[in-house]
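Here is structure.cif, consisting of mmCIF, C-alpha atoms, pLDDT in the B column; chains and numbers go by the auth columns:
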data_work
#
loop_
_atom_site.group_PDB
_atom_site.id
_atom_site.type_symbol
_atom_site.label_atom_id
_atom_site.label_comp_id
_atom_site.label_asym_id
_atom_site.label_seq_id
_atom_site.Cartn_x
_atom_site.Cartn_y
_atom_site.Cartn_z
_atom_site.B_iso_or_equiv
_atom_site.auth_seq_id
_atom_site.auth_asym_id
ATOM 1 C CA MET A 1 0.000 0.000 0.000 57.00 1315 A
ATOM 2 C CA ILE A 2 2.845 2.397 0.768 64.00 1316 A
ATOM 3 C CA PRO A 3 4.455 2.081 -2.692 69.00 1317 A
ATOM 4 C CA GLU A 4 1.023 2.748 -4.202 71.00 1318 A
ATOM 5 C CA LEU A 5 0.751 5.868 -2.038 65.00 1319 A
ATOM 6 C CA PHE A 6 4.069 7.206 -3.275 66.00 1320 A
ATOM 7 C CA THR A 7 3.201 6.344 -6.862 73.00 1321 A
ATOM 8 C CA ALA A 8 -0.155 8.105 -6.560 68.00 1322 A
ATOM 9 C CA LEU A 9 1.426 11.178 -4.963 64.00 1323 A
ATOM 10 C CA ALA A 10 4.086 11.345 -7.669 68.00 1324 A
ATOM 11 C CA ALA A 11 1.446 10.956 -10.394 68.00 1325 A
ATOM 12 C CA ALA A 12 -0.696 13.695 -8.833 61.00 1326 A
ATOM 13 C CA GLU A 13 2.232 16.096 -8.662 64.00 1327 A
ATOM 14 C CA ALA A 14 3.240 15.341 -12.245 65.00 1328 A
ATOM 15 C CA ALA A 15 -0.290 15.658 -13.647 61.00 1329 A
ATOM 16 C CA GLU A 16 -1.342 18.713 -11.615 59.00 1330 A
ATOM 17 C CA SER A 17 -4.891 18.253 -12.781 58.00 1331 A
ATOM 18 C CA PRO A 18 -7.885 18.186 -10.466 58.00 1332 A
ATOM 19 C CA THR A 19 -9.128 14.940 -11.968 66.00 1333 A
ATOM 20 C CA GLU A 20 -5.941 13.081 -11.046 63.00 1334 A
ATOM 21 C CA ILE A 21 -6.084 14.395 -7.473 62.00 1335 A
ATOM 22 C CA ALA A 22 -9.724 13.375 -7.249 66.00 1336 A
ATOM 23 C CA LYS A 23 -8.788 9.874 -8.422 69.00 1337 A
ATOM 24 C CA MET A 24 -6.057 9.729 -5.773 64.00 1338 A
ATOM 25 C CA ILE A 25 -8.481 10.798 -3.029 64.00 1339 A
ATOM 26 C CA GLY A 26 -10.987 8.290 -4.320 67.00 1340 A
ATOM 27 C CA GLY A 27 -8.319 5.600 -4.093 69.00 1341 A
ATOM 28 C CA PHE A 28 -7.726 6.398 -0.440 65.00 1342 A
ATOM 29 C CA ALA A 29 -11.462 6.655 0.252 65.00 1343 A
ATOM 30 C CA GLN A 30 -11.931 3.031 -0.691 74.00 1344 A
ATOM 31 C CA TYR A 31 -9.732 2.002 2.221 73.00 1345 A
ATOM 32 C CA GLY A 32 -11.892 3.958 4.684 75.00 1346 A
ATOM 33 C CA ILE A 33 -10.956 3.756 8.340 78.00 1347 A
ATOM 34 C CA VAL A 34 -7.976 1.489 7.691 80.00 1348 A
ATOM 35 C CA GLY A 35 -6.490 3.997 5.265 75.00 1349 A
ATOM 36 C CA LEU A 36 -7.043 6.804 7.759 74.00 1350 A
ATOM 37 C CA ILE A 37 -5.331 4.823 10.519 78.00 1351 A
ATOM 38 C CA VAL A 38 -2.356 4.057 8.276 75.00 1352 A
ATOM 39 C CA VAL A 39 -2.008 7.721 7.334 73.00 1353 A
ATOM 40 C CA LEU A 40 -2.192 8.740 11.005 76.00 1354 A
ATOM 41 C CA LEU A 41 0.471 6.149 11.852 78.00 1355 A
ATOM 42 C CA ILE A 42 2.723 7.473 9.102 78.00 1356 A
ATOM 43 C CA TRP A 43 2.307 11.056 10.307 75.00 1357 A
ATOM 44 C CA GLY A 44 2.993 10.001 13.899 80.00 1358 A
ATOM 45 C CA VAL A 45 -0.377 11.057 15.287 81.00 1359 A
ATOM 46 C CA LEU A 46 -1.100 7.484 16.364 84.00 1360 A
ATOM 47 C CA VAL A 47 1.667 5.601 18.168 87.00 1361 A
ATOM 48 C CA PRO A 48 1.849 1.831 18.790 88.00 1362 A
ATOM 49 C CA LYS A 49 1.628 0.627 22.383 90.00 1363 A
ATOM 50 C CA TYR A 50 5.203 -0.713 22.502 92.00 1364 A
ATOM 51 C CA VAL A 51 6.559 2.675 21.429 89.00 1365 A
ATOM 52 C CA MET A 52 4.523 4.468 24.085 90.00 1366 A
ATOM 53 C CA ALA A 53 5.651 1.951 26.735 93.00 1367 A
ATOM 54 C CA ALA A 54 9.289 2.519 25.775 93.00 1368 A
ATOM 55 C CA LEU A 55 8.827 6.299 25.952 91.00 1369 A
ATOM 56 C CA THR A 56 7.214 6.166 29.389 93.00 1370 A
ATOM 57 C CA ALA A 57 9.962 3.829 30.658 95.00 1371 A
ATOM 58 C CA GLU A 58 12.610 6.237 29.369 95.00 1372 A
ATOM 59 C CA LYS A 59 10.777 9.154 30.999 94.00 1373 A
ATOM 60 C CA ASP A 60 10.712 7.287 34.321 94.00 1374 A
ATOM 61 C CA ASN A 61 14.438 6.535 34.043 95.00 1375 A
ATOM 62 C CA TRP A 62 15.219 10.212 33.441 95.00 1376 A
ATOM 63 C CA ARG A 63 13.006 11.244 36.366 95.00 1377 A
ATOM 64 C CA THR A 64 14.752 8.773 38.689 95.00 1378 A
ATOM 65 C CA ALA A 65 18.167 10.051 37.602 95.00 1379 A
ATOM 66 C CA PHE A 66 17.029 13.641 38.155 94.00 1380 A
ATOM 67 C CA GLU A 67 15.768 12.861 41.668 94.00 1381 A
ATOM 68 C CA GLN A 68 19.046 11.113 42.567 93.00 1382 A
ATOM 69 C CA GLU A 69 21.086 14.038 41.253 93.00 1383 A
ATOM 70 C CA ARG A 70 18.952 16.531 43.155 92.00 1384 A
ATOM 71 C CA SER A 71 19.301 14.598 46.421 90.00 1385 A
ATOM 72 C CA ALA A 72 23.079 14.359 45.903 89.00 1386 A
ATOM 73 C CA HIS A 73 23.308 18.103 45.389 92.00 1387 A
ATOM 74 C CA GLN A 74 21.154 18.720 48.467 92.00 1388 A
ATOM 75 C CA ALA A 75 23.531 16.603 50.570 89.00 1389 A
ATOM 76 C CA ASN A 76 26.451 18.593 49.141 90.00 1390 A
ATOM 77 C CA ARG A 77 24.754 21.891 50.049 92.00 1391 A
ATOM 78 C CA GLU A 78 24.135 20.654 53.598 92.00 1392 A
ATOM 79 C CA GLN A 79 27.792 19.682 53.982 92.00 1393 A
ATOM 80 C CA LEU A 80 28.912 23.098 52.722 93.00 1394 A
ATOM 81 C CA ALA A 81 26.572 24.827 55.187 93.00 1395 A
ATOM 82 C CA ALA A 82 27.989 22.742 58.067 93.00 1396 A
ATOM 83 C CA ALA A 83 31.544 23.572 56.983 94.00 1397 A
ATOM 84 C CA GLN A 84 30.692 27.285 56.825 95.00 1398 A
ATOM 85 C CA ALA A 85 29.241 27.112 60.334 93.00 1399 A
ATOM 86 C CA ALA A 86 32.460 25.480 61.573 93.00 1400 A
ATOM 87 C CA ILE A 87 34.511 28.230 59.878 94.00 1401 A
ATOM 88 C CA ASP A 88 32.370 30.904 61.522 93.00 1402 A
ATOM 89 C CA VAL A 89 32.885 29.304 64.944 93.00 1403 A
ATOM 90 C CA ALA A 90 36.654 29.100 64.391 93.00 1404 A
ATOM 91 C CA THR A 91 36.763 32.764 63.317 94.00 1405 A
ATOM 92 C CA GLU A 92 34.888 33.871 66.440 93.00 1406 A
ATOM 93 C CA GLN A 93 37.174 31.773 68.636 93.00 1407 A
ATOM 94 C CA GLY A 94 40.202 33.407 67.023 90.00 1408 A
ATOM 95 C CA ARG A 95 38.792 36.888 67.631 92.00 1409 A
ATOM 96 C CA ALA A 96 38.014 36.049 71.251 91.00 1410 A
ATOM 97 C CA LEU A 97 41.563 34.730 71.730 90.00 1411 A
ATOM 98 C CA ILE A 98 43.039 37.920 70.227 87.00 1412 A
ATOM 99 C CA ARG A 99 40.915 40.082 72.565 89.00 1413 A
ATOM 100 C CA LEU A 100 41.962 37.973 75.550 89.00 1414 A
ATOM 101 C CA LEU A 101 45.646 38.221 74.670 88.00 1415 A
ATOM 102 C CA GLU A 102 45.357 41.987 74.159 86.00 1416 A
ATOM 103 C CA GLU A 103 43.677 42.377 77.560 87.00 1417 A
ATOM 104 C CA LEU A 104 46.473 40.378 79.141 86.00 1418 A
ATOM 105 C CA GLY A 105 48.966 42.829 77.724 83.00 1419 A
ATOM 106 C CA HIS A 106 50.258 41.035 74.682 78.00 1420 A
ATOM 107 C CA ARG A 107 50.516 43.335 71.663 74.00 1421 A
ATOM 108 C CA PRO A 108 51.175 41.694 68.336 65.00 1422 A
ATOM 109 C CA ASP A 109 53.994 43.290 66.308 67.00 1423 A
ATOM 110 C CA ASP A 110 52.331 43.303 62.906 63.00 1424 A
ATOM 111 C CA PRO A 111 49.227 41.512 61.795 65.00 1425 A
ATOM 112 C CA PRO A 112 50.017 38.668 59.418 65.00 1426 A
ATOM 113 C CA ARG A 113 49.693 39.637 55.791 67.00 1427 A
ATOM 114 C CA SER A 114 48.371 37.525 53.027 65.00 1428 A
ATOM 115 C CA ALA A 115 50.590 36.900 50.027 54.00 1429 A
#

I need this file expressed as structure tokens, please.
Amino acid sequence: MIPELFTALAAAEAAESPTEIAKMIGGFAQYGIVGLIVVLLIWGVLVPKYVMAALTAEKDNWRTAFEQERSAHQANREQLAAAQAAIDVATEQGRALIRLLEELGHRPDDPPRSA
């Protein structure tokens, strides 16, 4: 049926007459619902069940991978927040130690410089 379709389309384009196009439409009309279903399958409007099952399985796989990646990034963000809190505590302890040493009379010569 498909080679006939291509032959009919090529003949209709070559003839460019309304009678040839009407004959082509009449040829498809004889197939009725079956011809319509075949055309819809060719255009991709209708999809077989195994194709749809494969697409939904692929979608579920991508969703699972996305959820795993998101949870991994959330764990990473939590670890960075905990490390920042530890840095803040260490900075405050250093400032308190400097104030204590200054109150005890120790004066640093020069503050350390960064390179």

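Between CA of Val1348 (chain A) and CA of Pro1362 (chain A) there is a distance of 14.8 Å.
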
What is the CA of Glu1381 (chain A)-CA of Gln1398 (chain A) distance in Å, reported with one decimal?
25.7 Å

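In this model, the gap between CA of Ala1410 (chain A) and CA of Arg1391 (chain A) comes to 28.7 Å.
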
For Leu1360 (chain A), list every protein, DNA or RNA residue within 8 Å, evaluated using all atoms listed in the file, and leave out those in the same chain fewer than 4 positions away; present the list as a PyMOL selection string.
chain A and resi 1351+1354-1355
